[in-house]
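Engineer: Here you go, this is data.cif (mmCIF, N, CA and C atoms, pLDDT in the B column; chains and numbers go by the auth columns).
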data_my_file
#
loop_
_atom_site.group_PDB
_atom_site.id
_atom_site.type_symbol
_atom_site.label_atom_id
_atom_site.label_comp_id
_atom_site.label_asym_id
_atom_site.label_seq_id
_atom_site.Cartn_x
_atom_site.Cartn_y
_atom_site.Cartn_z
_atom_site.B_iso_or_equiv
_atom_site.auth_seq_id
_atom_site.auth_asym_id
ATOM 1 N N MET A 1 -42.432 7.166 22.337 86.00 13 L
ATOM 2 C CA MET A 1 -41.360 8.032 22.817 86.00 13 L
ATOM 3 C C MET A 1 -41.689 9.478 22.453 86.00 13 L
ATOM 4 N N ASP A 2 -41.448 10.353 23.381 92.00 14 L
ATOM 5 C CA ASP A 2 -41.645 11.785 23.131 92.00 14 L
ATOM 6 C C ASP A 2 -40.337 12.354 22.578 92.00 14 L
ATOM 7 N N TYR A 3 -40.308 12.554 21.284 95.00 15 L
ATOM 8 C CA TYR A 3 -39.094 13.021 20.611 95.00 15 L
ATOM 9 C C TYR A 3 -39.051 14.535 20.473 95.00 15 L
ATOM 10 N N GLN A 4 -40.073 15.243 20.907 94.00 16 L
ATOM 11 C CA GLN A 4 -40.170 16.682 20.658 94.00 16 L
ATOM 12 C C GLN A 4 -39.049 17.491 21.296 94.00 16 L
ATOM 13 N N HIS A 5 -38.463 17.006 22.369 95.00 17 L
ATOM 14 C CA HIS A 5 -37.345 17.731 22.982 95.00 17 L
ATOM 15 C C HIS A 5 -36.000 17.337 22.367 95.00 17 L
ATOM 16 N N ILE A 6 -36.010 16.356 21.458 98.00 18 L
ATOM 17 C CA ILE A 6 -34.775 15.899 20.821 98.00 18 L
ATOM 18 C C ILE A 6 -34.703 16.339 19.357 98.00 18 L
ATOM 19 N N ILE A 7 -35.786 16.183 18.628 98.00 19 L
ATOM 20 C CA ILE A 7 -35.808 16.531 17.214 98.00 19 L
ATOM 21 C C ILE A 7 -36.209 17.998 17.070 98.00 19 L
ATOM 22 N N THR A 8 -35.341 18.759 16.425 97.00 20 L
ATOM 23 C CA THR A 8 -35.583 20.192 16.269 97.00 20 L
ATOM 24 C C THR A 8 -35.615 20.557 14.788 97.00 20 L
ATOM 25 N N ILE A 9 -36.381 21.588 14.480 96.00 21 L
ATOM 26 C CA ILE A 9 -36.440 22.089 13.103 96.00 21 L
ATOM 27 C C ILE A 9 -36.197 23.591 13.155 96.00 21 L
ATOM 28 N N GLU A 10 -35.109 24.011 12.516 95.00 22 L
ATOM 29 C CA GLU A 10 -34.747 25.419 12.466 95.00 22 L
ATOM 30 C C GLU A 10 -34.601 25.823 10.998 95.00 22 L
ATOM 31 N N PRO A 11 -35.335 26.838 10.553 94.00 23 L
ATOM 32 C CA PRO A 11 -35.308 27.217 9.135 94.00 23 L
ATOM 33 C C PRO A 11 -33.906 27.448 8.569 94.00 23 L
ATOM 34 N N GLY A 12 -32.995 28.003 9.340 92.00 24 L
ATOM 35 C CA GLY A 12 -31.665 28.320 8.835 92.00 24 L
ATOM 36 C C GLY A 12 -30.648 27.203 8.976 92.00 24 L
ATOM 37 N N LYS A 13 -31.046 26.075 9.501 94.00 25 L
ATOM 38 C CA LYS A 13 -30.109 24.977 9.718 94.00 25 L
ATOM 39 C C LYS A 13 -30.496 23.794 8.857 94.00 25 L
ATOM 40 N N ARG A 14 -29.569 23.341 8.026 95.00 26 L
ATOM 41 C CA ARG A 14 -29.779 22.196 7.132 95.00 26 L
ATOM 42 C C ARG A 14 -31.071 22.333 6.325 95.00 26 L
ATOM 43 N N SER A 15 -31.335 23.539 5.883 94.00 27 L
ATOM 44 C CA SER A 15 -32.517 23.860 5.053 94.00 27 L
ATOM 45 C C SER A 15 -33.834 23.509 5.731 94.00 27 L
ATOM 46 N N GLY A 16 -33.864 23.587 7.049 96.00 28 L
ATOM 47 C CA GLY A 16 -35.098 23.333 7.782 96.00 28 L
ATOM 48 C C GLY A 16 -35.423 21.867 7.981 96.00 28 L
ATOM 49 N N LYS A 17 -34.466 20.990 7.699 97.00 29 L
ATOM 50 C CA LYS A 17 -34.698 19.559 7.902 97.00 29 L
ATOM 51 C C LYS A 17 -34.679 19.242 9.399 97.00 29 L
ATOM 52 N N PRO A 18 -35.419 18.224 9.819 98.00 30 L
ATOM 53 C CA PRO A 18 -35.411 17.827 11.232 98.00 30 L
ATOM 54 C C PRO A 18 -34.011 17.366 11.644 98.00 30 L
ATOM 55 N N CYS A 19 -33.496 17.974 12.705 98.00 31 L
ATOM 56 C CA CYS A 19 -32.155 17.669 13.210 98.00 31 L
ATOM 57 C C CYS A 19 -32.235 17.147 14.639 98.00 31 L
ATOM 58 N N ILE A 20 -31.117 16.644 15.109 98.00 32 L
ATOM 59 C CA ILE A 20 -31.036 16.115 16.465 98.00 32 L
ATOM 60 C C ILE A 20 -30.469 17.186 17.385 98.00 32 L
ATOM 61 N N ARG A 21 -31.249 17.588 18.370 97.00 33 L
ATOM 62 C CA ARG A 21 -30.861 18.529 19.416 97.00 33 L
ATOM 63 C C ARG A 21 -30.139 19.767 18.891 97.00 33 L
ATOM 64 N N GLY A 22 -30.603 20.295 17.772 95.00 34 L
ATOM 65 C CA GLY A 22 -30.023 21.520 17.242 95.00 34 L
ATOM 66 C C GLY A 22 -28.690 21.344 16.549 95.00 34 L
ATOM 67 N N MET A 23 -28.200 20.107 16.497 97.00 35 L
ATOM 68 C CA MET A 23 -26.937 19.852 15.797 97.00 35 L
ATOM 69 C C MET A 23 -27.211 19.820 14.296 97.00 35 L
ATOM 70 N N ARG A 24 -26.174 19.613 13.521 96.00 36 L
ATOM 71 C CA ARG A 24 -26.322 19.555 12.067 96.00 36 L
ATOM 72 C C ARG A 24 -26.536 18.126 11.576 96.00 36 L
ATOM 73 N N ILE A 25 -26.756 17.198 12.477 98.00 37 L
ATOM 74 C CA ILE A 25 -27.043 15.810 12.118 98.00 37 L
ATOM 75 C C ILE A 25 -28.558 15.676 11.974 98.00 37 L
ATOM 76 N N THR A 26 -29.002 15.261 10.771 98.00 38 L
ATOM 77 C CA THR A 26 -30.439 15.187 10.523 98.00 38 L
ATOM 78 C C THR A 26 -30.998 13.807 10.832 98.00 38 L
ATOM 79 N N VAL A 27 -32.311 13.782 10.995 98.00 39 L
ATOM 80 C CA VAL A 27 -33.014 12.511 11.158 98.00 39 L
ATOM 81 C C VAL A 27 -32.732 11.646 9.937 98.00 39 L
ATOM 82 N N TYR A 28 -32.776 12.255 8.759 98.00 40 L
ATOM 83 C CA TYR A 28 -32.514 11.535 7.520 98.00 40 L
ATOM 84 C C TYR A 28 -31.135 10.874 7.539 98.00 40 L
ATOM 85 N N ASP A 29 -30.123 11.584 8.036 98.00 41 L
ATOM 86 C CA ASP A 29 -28.773 11.015 8.116 98.00 41 L
ATOM 87 C C ASP A 29 -28.792 9.707 8.908 98.00 41 L
ATOM 88 N N ILE A 30 -29.409 9.748 10.068 98.00 42 L
ATOM 89 C CA ILE A 30 -29.445 8.568 10.946 98.00 42 L
ATOM 90 C C ILE A 30 -30.226 7.439 10.295 98.00 42 L
ATOM 91 N N LEU A 31 -31.356 7.751 9.682 98.00 43 L
ATOM 92 C CA LEU A 31 -32.148 6.720 9.014 98.00 43 L
ATOM 93 C C LEU A 31 -31.365 6.098 7.857 98.00 43 L
ATOM 94 N N GLU A 32 -30.619 6.908 7.130 98.00 44 L
ATOM 95 C CA GLU A 32 -29.787 6.392 6.035 98.00 44 L
ATOM 96 C C GLU A 32 -28.711 5.445 6.562 98.00 44 L
ATOM 97 N N TYR A 33 -28.076 5.816 7.671 98.00 45 L
ATOM 98 C CA TYR A 33 -27.053 4.940 8.248 98.00 45 L
ATOM 99 C C TYR A 33 -27.660 3.603 8.660 98.00 45 L
ATOM 100 N N LEU A 34 -28.806 3.655 9.308 98.00 46 L
ATOM 101 C CA LEU A 34 -29.470 2.421 9.740 98.00 46 L
ATOM 102 C C LEU A 34 -29.901 1.582 8.536 98.00 46 L
ATOM 103 N N ALA A 35 -30.475 2.232 7.538 98.00 47 L
ATOM 104 C CA ALA A 35 -30.916 1.518 6.333 98.00 47 L
ATOM 105 C C ALA A 35 -29.722 0.921 5.582 98.00 47 L
ATOM 106 N N GLY A 36 -28.593 1.561 5.688 98.00 48 L
ATOM 107 C CA GLY A 36 -27.379 1.076 5.033 98.00 48 L
ATOM 108 C C GLY A 36 -26.707 -0.066 5.765 98.00 48 L
ATOM 109 N N GLY A 37 -27.231 -0.414 6.927 98.00 49 L
ATOM 110 C CA GLY A 37 -26.692 -1.554 7.654 98.00 49 L
ATOM 111 C C GLY A 37 -25.868 -1.233 8.882 98.00 49 L
ATOM 112 N N MET A 38 -25.666 0.046 9.167 98.00 50 L
ATOM 113 C CA MET A 38 -24.924 0.389 10.385 98.00 50 L
ATOM 114 C C MET A 38 -25.762 0.029 11.603 98.00 50 L
ATOM 115 N N THR A 39 -25.094 -0.436 12.630 98.00 51 L
ATOM 116 C CA THR A 39 -25.787 -0.710 13.882 98.00 51 L
ATOM 117 C C THR A 39 -25.834 0.562 14.713 98.00 51 L
ATOM 118 N N GLU A 40 -26.689 0.552 15.718 98.00 52 L
ATOM 119 C CA GLU A 40 -26.750 1.701 16.623 98.00 52 L
ATOM 120 C C GLU A 40 -25.392 1.932 17.264 98.00 52 L
ATOM 121 N N ALA A 41 -24.718 0.847 17.646 98.00 53 L
ATOM 122 C CA ALA A 41 -23.401 0.964 18.285 98.00 53 L
ATOM 123 C C ALA A 41 -22.386 1.615 17.345 98.00 53 L
ATOM 124 N N GLU A 42 -22.432 1.255 16.068 98.00 54 L
ATOM 125 C CA GLU A 42 -21.500 1.852 15.098 98.00 54 L
ATOM 126 C C GLU A 42 -21.769 3.342 14.914 98.00 54 L
ATOM 127 N N ILE A 43 -23.035 3.714 14.874 98.00 55 L
ATOM 128 C CA ILE A 43 -23.386 5.131 14.740 98.00 55 L
ATOM 129 C C ILE A 43 -22.889 5.903 15.952 98.00 55 L
ATOM 130 N N LEU A 44 -23.115 5.356 17.134 98.00 56 L
ATOM 131 C CA LEU A 44 -22.677 6.021 18.364 98.00 56 L
ATOM 132 C C LEU A 44 -21.157 6.118 18.434 98.00 56 L
ATOM 133 N N GLU A 45 -20.477 5.133 17.893 98.00 57 L
ATOM 134 C CA GLU A 45 -19.016 5.168 17.866 98.00 57 L
ATOM 135 C C GLU A 45 -18.508 6.259 16.920 98.00 57 L
ATOM 136 N N ASP A 46 -19.181 6.409 15.780 98.00 58 L
ATOM 137 C CA ASP A 46 -18.764 7.421 14.797 98.00 58 L
ATOM 138 C C ASP A 46 -19.156 8.841 15.202 98.00 58 L
ATOM 139 N N PHE A 47 -20.232 8.976 15.941 97.00 59 L
ATOM 140 C CA PHE A 47 -20.737 10.287 16.354 97.00 59 L
ATOM 141 C C PHE A 47 -20.862 10.316 17.880 97.00 59 L
ATOM 142 N N SER A 48 -19.790 10.646 18.540 96.00 60 L
ATOM 143 C CA SER A 48 -19.744 10.582 20.002 96.00 60 L
ATOM 144 C C SER A 48 -20.726 11.536 20.678 96.00 60 L
ATOM 145 N N GLU A 49 -21.195 12.556 19.942 98.00 61 L
ATOM 146 C CA GLU A 49 -22.137 13.508 20.533 98.00 61 L
ATOM 147 C C GLU A 49 -23.566 12.960 20.575 98.00 61 L
ATOM 148 N N LEU A 50 -23.820 11.843 19.899 98.00 62 L
ATOM 149 C CA LEU A 50 -25.161 11.244 19.893 98.00 62 L
ATOM 150 C C LEU A 50 -25.346 10.261 21.040 98.00 62 L
ATOM 151 N N THR A 51 -26.604 10.037 21.374 98.00 63 L
ATOM 152 C CA THR A 51 -26.957 9.047 22.385 98.00 63 L
ATOM 153 C C THR A 51 -27.910 8.033 21.762 98.00 63 L
ATOM 154 N N LEU A 52 -28.086 6.921 22.441 98.00 64 L
ATOM 155 C CA LEU A 52 -29.042 5.918 21.980 98.00 64 L
ATOM 156 C C LEU A 52 -30.447 6.515 21.935 98.00 64 L
ATOM 157 N N GLU A 53 -30.760 7.394 22.871 98.00 65 L
ATOM 158 C CA GLU A 53 -32.060 8.070 22.887 98.00 65 L
ATOM 159 C C GLU A 53 -32.247 8.919 21.626 98.00 65 L
ATOM 160 N N ASP A 54 -31.181 9.532 21.131 98.00 66 L
ATOM 161 C CA ASP A 54 -31.260 10.313 19.895 98.00 66 L
ATOM 162 C C ASP A 54 -31.669 9.429 18.716 98.00 66 L
ATOM 163 N N ILE A 55 -31.055 8.263 18.624 98.00 67 L
ATOM 164 C CA ILE A 55 -31.372 7.340 17.526 98.00 67 L
ATOM 165 C C ILE A 55 -32.820 6.867 17.632 98.00 67 L
ATOM 166 N N LYS A 56 -33.241 6.528 18.830 98.00 68 L
ATOM 167 C CA LYS A 56 -34.628 6.088 19.027 98.00 68 L
ATOM 168 C C LYS A 56 -35.611 7.222 18.714 98.00 68 L
ATOM 169 N N ALA A 57 -35.228 8.449 19.013 98.00 69 L
ATOM 170 C CA ALA A 57 -36.076 9.599 18.696 98.00 69 L
ATOM 171 C C ALA A 57 -36.227 9.749 17.185 98.00 69 L
ATOM 172 N N CYS A 58 -35.157 9.488 16.437 98.00 70 L
ATOM 173 C CA CYS A 58 -35.227 9.552 14.974 98.00 70 L
ATOM 174 C C CYS A 58 -36.209 8.514 14.444 98.00 70 L
ATOM 175 N N LEU A 59 -36.157 7.318 14.987 97.00 71 L
ATOM 176 C CA LEU A 59 -37.071 6.262 14.556 97.00 71 L
ATOM 177 C C LEU A 59 -38.510 6.611 14.917 97.00 71 L
ATOM 178 N N ALA A 60 -38.708 7.138 16.112 97.00 72 L
ATOM 179 C CA ALA A 60 -40.059 7.518 16.540 97.00 72 L
ATOM 180 C C ALA A 60 -40.594 8.652 15.672 97.00 72 L
ATOM 181 N N PHE A 61 -39.746 9.621 15.356 97.00 73 L
ATOM 182 C CA PHE A 61 -40.145 10.732 14.496 97.00 73 L
ATOM 183 C C PHE A 61 -40.563 10.224 13.121 97.00 73 L
ATOM 184 N N ALA A 62 -39.752 9.330 12.548 96.00 74 L
ATOM 185 C CA ALA A 62 -40.062 8.783 11.227 96.00 74 L
ATOM 186 C C ALA A 62 -41.352 7.972 11.256 96.00 74 L
ATOM 187 N N ALA A 63 -41.555 7.194 12.301 94.00 75 L
ATOM 188 C CA ALA A 63 -42.780 6.398 12.417 94.00 75 L
ATOM 189 C C ALA A 63 -43.995 7.301 12.549 94.00 75 L
ATOM 190 N N ASP A 64 -43.861 8.357 13.332 93.00 76 L
ATOM 191 C CA ASP A 64 -44.968 9.290 13.517 93.00 76 L
ATOM 192 C C ASP A 64 -45.292 10.011 12.212 93.00 76 L
ATOM 193 N N ARG A 65 -44.276 10.422 11.488 89.00 77 L
ATOM 194 C CA ARG A 65 -44.477 11.103 10.209 89.00 77 L
ATOM 195 C C ARG A 65 -45.153 10.157 9.210 89.00 77 L
ATOM 196 N N GLU A 66 -44.742 8.917 9.185 86.00 78 L
ATOM 197 C CA GLU A 66 -45.345 7.928 8.293 86.00 78 L
ATOM 198 C C GLU A 66 -46.819 7.730 8.626 86.00 78 L
ATOM 199 N N LYS A 67 -47.112 7.666 9.919 82.00 79 L
ATOM 200 C CA LYS A 67 -48.502 7.498 10.355 82.00 79 L
ATOM 201 C C LYS A 67 -49.349 8.698 9.916 82.00 79 L
ATOM 202 N N LYS A 68 -48.801 9.893 10.044 75.00 80 L
ATOM 203 C CA LYS A 68 -49.529 11.103 9.649 75.00 80 L
ATOM 204 C C LYS A 68 -49.752 11.134 8.147 75.00 80 L
ATOM 205 N N LEU A 69 -48.784 10.683 7.362 66.00 81 L
ATOM 206 C CA LEU A 69 -48.959 10.636 5.909 66.00 81 L
ATOM 207 C C LEU A 69 -50.056 9.668 5.526 66.00 81 L
ATOM 208 N N PHE A 70 -50.140 8.547 6.216 63.00 82 L
ATOM 209 C CA PHE A 70 -51.158 7.557 5.935 63.00 82 L
ATOM 210 C C PHE A 70 -52.552 8.102 6.259 63.00 82 L
ATOM 211 N N VAL A 71 -52.689 8.760 7.397 57.00 83 L
ATOM 212 C CA VAL A 71 -53.975 9.308 7.818 57.00 83 L
ATOM 213 C C VAL A 71 -54.431 10.401 6.853 57.00 83 L
ATOM 214 N N VAL A 72 -53.519 11.260 6.434 56.00 84 L
ATOM 215 C CA VAL A 72 -53.856 12.354 5.533 56.00 84 L
ATOM 216 C C VAL A 72 -54.303 11.800 4.171 56.00 84 L
ATOM 217 N N SER A 73 -53.699 10.726 3.724 56.00 85 L
ATOM 218 C CA SER A 73 -54.044 10.183 2.402 56.00 85 L
ATOM 219 C C SER A 73 -55.405 9.519 2.384 56.00 85 L
ATOM 220 N N LEU A 74 -55.930 9.136 3.528 55.00 86 L
ATOM 221 C CA LEU A 74 -57.262 8.532 3.575 55.00 86 L
ATOM 222 C C LEU A 74 -58.294 9.580 3.275 55.00 86 L
#
When written as structure tokens, how does the structure in this file appear?

Structural biologist:
Amino acid sequence: MDYQHIITIEPGKRSGKPCIRGMRITVYDILEYLAGGMTEAEILEDFSELTLEDIKACLAFAADREKKLFVVSL
């Protein structure tokens, strides 16, 4: 998935953490909700401004970052 048009990083917003479409909701927030047991449907119900594509973009971003960390450590 191409998440580059969904995940944004702005130095003055949320201390430069990756956010969803310029909002104040971070990738970390979504990953924490998922790790805590919330379903995608529950997240979408609580945050009406989000889409399923936003959640998938967060997962793709995290997977890509993990892959880059692994490659760099080699």

Engineer: Just how far from CA of Ala69 in chain L is CA of Gly48 in chain L, in Å to one decimal?

Structural biologist: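 Going from CA of Gly48 in chain L over to CA of Ala69 in chain L covers 18.3 Å.
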
Engineer: Excluding Ile18 in chain L and its own-chain neighbours fewer than 4 positions away, which residues fall within 12 Å of it when counting only C-alpha atoms? Please give them as a PyMOL selection string.

Structural biologist: chain L and resi 13-14+30-35+37-39+62-73

Engineer: When distances are computed from only C-alpha atoms, which of L:Gly28, L:Gln16, L:Lys80, L:Ala74 shows the smallest separation from Leu43 in chain L?

Structural biologist: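 Smallest separation from Leu43 in chain L among the options: L:Ala74.
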
Engineer: When you draw a straight line from atom C of Tyr15 in chain L to atom N of Glu61 in chain L, how long is it in Å?

Structural biologist: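 Here the two named atoms are 18.0 Å from each other.
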
Engineer: Give the strand (DSSP E or B) residues of chain L, as DSSP finds them on the backbone, and put them as a PyMOL selection string.

Structural biologist: chain L and resi 19-20+31-32+38

Engineer: Could you give me the centre and size, in Å to one decimal, of an axis-aligned box around all listed atoms of range 14-21 of chain L with 3 Å added on every side, as AutoDock Vina command-line options?

Structural biologist:
--center_x -38.2 --center_y 17.0 --center_z 18.2 --size_x 12.9 --size_y 19.2 --size_z 16.3

Engineer: Apply DSSP to the structure's backbone, then extract all residues of chain L labelled alpha helix (DSSP H) and return them as a ChimeraX atom specification.

Structural biologist: /L:39-47,52-58,64-85

Engineer: Selected residues, N, CA and C atoms, written as a JSON list (two decimals), in the frame of the given file, please.

Structural biologist:
[["chain", "number", "residue", "atom", "x", "y", "z"],
["L", 39, "VAL", "N", -32.31, 13.78, 11.00],
["L", 39, "VAL", "CA", -33.01, 12.51, 11.16],
["L", 39, "VAL", "C", -32.73, 11.65, 9.94],
["L", 40, "TYR", "N", -32.78, 12.26, 8.76],
["L", 40, "TYR", "CA", -32.51, 11.54, 7.52],
["L", 40, "TYR", "C", -31.14, 10.87, 7.54],
["L", 41, "ASP", "N", -30.12, 11.58, 8.04],
["L", 41, "ASP", "CA", -28.77, 11.02, 8.12],
["L", 41, "ASP", "C", -28.79, 9.71, 8.91],
["L", 42, "ILE", "N", -29.41, 9.75, 10.07],
["L", 42, "ILE", "CA", -29.44, 8.57, 10.95],
["L", 42, "ILE", "C", -30.23, 7.44, 10.30],
["L", 43, "LEU", "N", -31.36, 7.75, 9.68],
["L", 43, "LEU", "CA", -32.15, 6.72, 9.01],
["L", 43, "LEU", "C", -31.36, 6.10, 7.86],
["L", 44, "GLU", "N", -30.62, 6.91, 7.13],
["L", 44, "GLU", "CA", -29.79, 6.39, 6.04],
["L", 44, "GLU", "C", -28.71, 5.44, 6.56],
["L", 45, "TYR", "N", -28.08, 5.82, 7.67],
["L", 45, "TYR", "CA", -27.05, 4.94, 8.25],
["L", 45, "TYR", "C", -27.66, 3.60, 8.66],
["L", 46, "LEU", "N", -28.81, 3.66, 9.31],
["L", 46, "LEU", "CA", -29.47, 2.42, 9.74],
["L", 46, "LEU", "C", -29.90, 1.58, 8.54],
["L", 47, "ALA", "N", -30.48, 2.23, 7.54],
["L", 47, "ALA", "CA", -30.92, 1.52, 6.33],
["L", 47, "ALA", "C", -29.72, 0.92, 5.58],
["L", 52, "GLU", "N", -26.69, 0.55, 15.72],
["L", 52, "GLU", "CA", -26.75, 1.70, 16.62],
["L", 52, "GLU", "C", -25.39, 1.93, 17.26],
["L", 53, "ALA", "N", -24.72, 0.85, 17.65],
["L", 53, "ALA", "CA", -23.40, 0.96, 18.28],
["L", 53, "ALA", "C", -22.39, 1.62, 17.34],
["L", 54, "GLU", "N", -22.43, 1.25, 16.07],
["L", 54, "GLU", "CA", -21.50, 1.85, 15.10],
["L", 54, "GLU", "C", -21.77, 3.34, 14.91],
["L", 55, "ILE", "N", -23.04, 3.71, 14.87],
["L", 55, "ILE", "CA", -23.39, 5.13, 14.74],
["L", 55, "ILE", "C", -22.89, 5.90, 15.95],
["L", 56, "LEU", "N", -23.12, 5.36, 17.13],
["L", 56, "LEU", "CA", -22.68, 6.02, 18.36],
["L", 56, "LEU", "C", -21.16, 6.12, 18.43],
["L", 57, "GLU", "N", -20.48, 5.13, 17.89],
["L", 57, "GLU", "CA", -19.02, 5.17, 17.87],
["L", 57, "GLU", "C", -18.51, 6.26, 16.92],
["L", 58, "ASP", "N", -19.18, 6.41, 15.78],
["L", 58, "ASP", "CA", -18.76, 7.42, 14.80],
["L", 58, "ASP", "C", -19.16, 8.84, 15.20],
["L", 64, "LEU", "N", -28.09, 6.92, 22.44],
["L", 64, "LEU", "CA", -29.04, 5.92, 21.98],
["L", 64, "LEU", "C", -30.45, 6.52, 21.94],
["L", 65, "GLU", "N", -30.76, 7.39, 22.87],
["L", 65, "GLU", "CA", -32.06, 8.07, 22.89],
["L", 65, "GLU", "C", -32.25, 8.92, 21.63],
["L", 66, "ASP", "N", -31.18, 9.53, 21.13],
["L", 66, "ASP", "CA", -31.26, 10.31, 19.90],
["L", 66, "ASP", "C", -31.67, 9.43, 18.72],
["L", 67, "ILE", "N", -31.06, 8.26, 18.62],
["L", 67, "ILE", "CA", -31.37, 7.34, 17.53],
["L", 67, "ILE", "C", -32.82, 6.87, 17.63],
["L", 68, "LYS", "N", -33.24, 6.53, 18.83],
["L", 68, "LYS", "CA", -34.63, 6.09, 19.03],
["L", 68, "LYS", "C", -35.61, 7.22, 18.71],
["L", 69, "ALA", "N", -35.23, 8.45, 19.01],
["L", 69, "ALA", "CA", -36.08, 9.60, 18.70],
["L", 69, "ALA", "C", -36.23, 9.75, 17.18],
["L", 70, "CYS", "N", -35.16, 9.49, 16.44],
["L", 70, "CYS", "CA", -35.23, 9.55, 14.97],
["L", 70, "CYS", "C", -36.21, 8.51, 14.44],
["L", 71, "LEU", "N", -36.16, 7.32, 14.99],
["L", 71, "LEU", "CA", -37.07, 6.26, 14.56],
["L", 71, "LEU", "C", -38.51, 6.61, 14.92],
["L", 72, "ALA", "N", -38.71, 7.14, 16.11],
["L", 72, "ALA", "CA", -40.06, 7.52, 16.54],
["L", 72, "ALA", "C", -40.59, 8.65, 15.67],
["L", 73, "PHE", "N", -39.75, 9.62, 15.36],
["L", 73, "PHE", "CA", -40.15, 10.73, 14.50],
["L", 73, "PHE", "C", -40.56, 10.22, 13.12],
["L", 74, "ALA", "N", -39.75, 9.33, 12.55],
["L", 74, "ALA", "CA", -40.06, 8.78, 11.23],
["L", 74, "ALA", "C", -41.35, 7.97, 11.26],
["L", 75, "ALA", "N", -41.56, 7.19, 12.30],
["L", 75, "ALA", "CA", -42.78, 6.40, 12.42],
["L", 75, "ALA", "C", -44.00, 7.30, 12.55],
["L", 76, "ASP", "N", -43.86, 8.36, 13.33],
["L", 76, "ASP", "CA", -44.97, 9.29, 13.52],
["L", 76, "ASP", "C", -45.29, 10.01, 12.21],
["L", 77, "ARG", "N", -44.28, 10.42, 11.49],
["L", 77, "ARG", "CA", -44.48, 11.10, 10.21],
["L", 77, "ARG", "C", -45.15, 10.16, 9.21],
["L", 78, "GLU", "N", -44.74, 8.92, 9.18],
["L", 78, "GLU", "CA", -45.34, 7.93, 8.29],
["L", 78, "GLU", "C", -46.82, 7.73, 8.63],
["L", 79, "LYS", "N", -47.11, 7.67, 9.92],
["L", 79, "LYS", "CA", -48.50, 7.50, 10.36],
["L", 79, "LYS", "C", -49.35, 8.70, 9.92],
["L", 80, "LYS", "N", -48.80, 9.89, 10.04],
["L", 80, "LYS", "CA", -49.53, 11.10, 9.65],
["L", 80, "LYS", "C", -49.75, 11.13, 8.15],
["L", 81, "LEU", "N", -48.78, 10.68, 7.36],
["L", 81, "LEU", "CA", -48.96, 10.64, 5.91],
["L", 81, "LEU", "C", -50.06, 9.67, 5.53],
["L", 82, "PHE", "N", -50.14, 8.55, 6.22],
["L", 82, "PHE", "CA", -51.16, 7.56, 5.94],
["L", 82, "PHE", "C", -52.55, 8.10, 6.26],
["L", 83, "VAL", "N", -52.69, 8.76, 7.40],
["L", 83, "VAL", "CA", -53.98, 9.31, 7.82],
["L", 83, "VAL", "C", -54.43, 10.40, 6.85],
["L", 84, "VAL", "N", -53.52, 11.26, 6.43],
["L", 84, "VAL", "CA", -53.86, 12.35, 5.53],
["L", 84, "VAL", "C", -54.30, 11.80, 4.17],
["L", 85, "SER", "N", -53.70, 10.73, 3.72],
["L", 85, "SER", "CA", -54.04, 10.18, 2.40],
["L", 85, "SER", "C", -55.40, 9.52, 2.38]]

Engineer: For a test of reading the model, state the distance in Å between CA of Lys29 in chain L and CA of Asp41 in chain L, rounded to one decimal.

Structural biologist: 10.4 Å
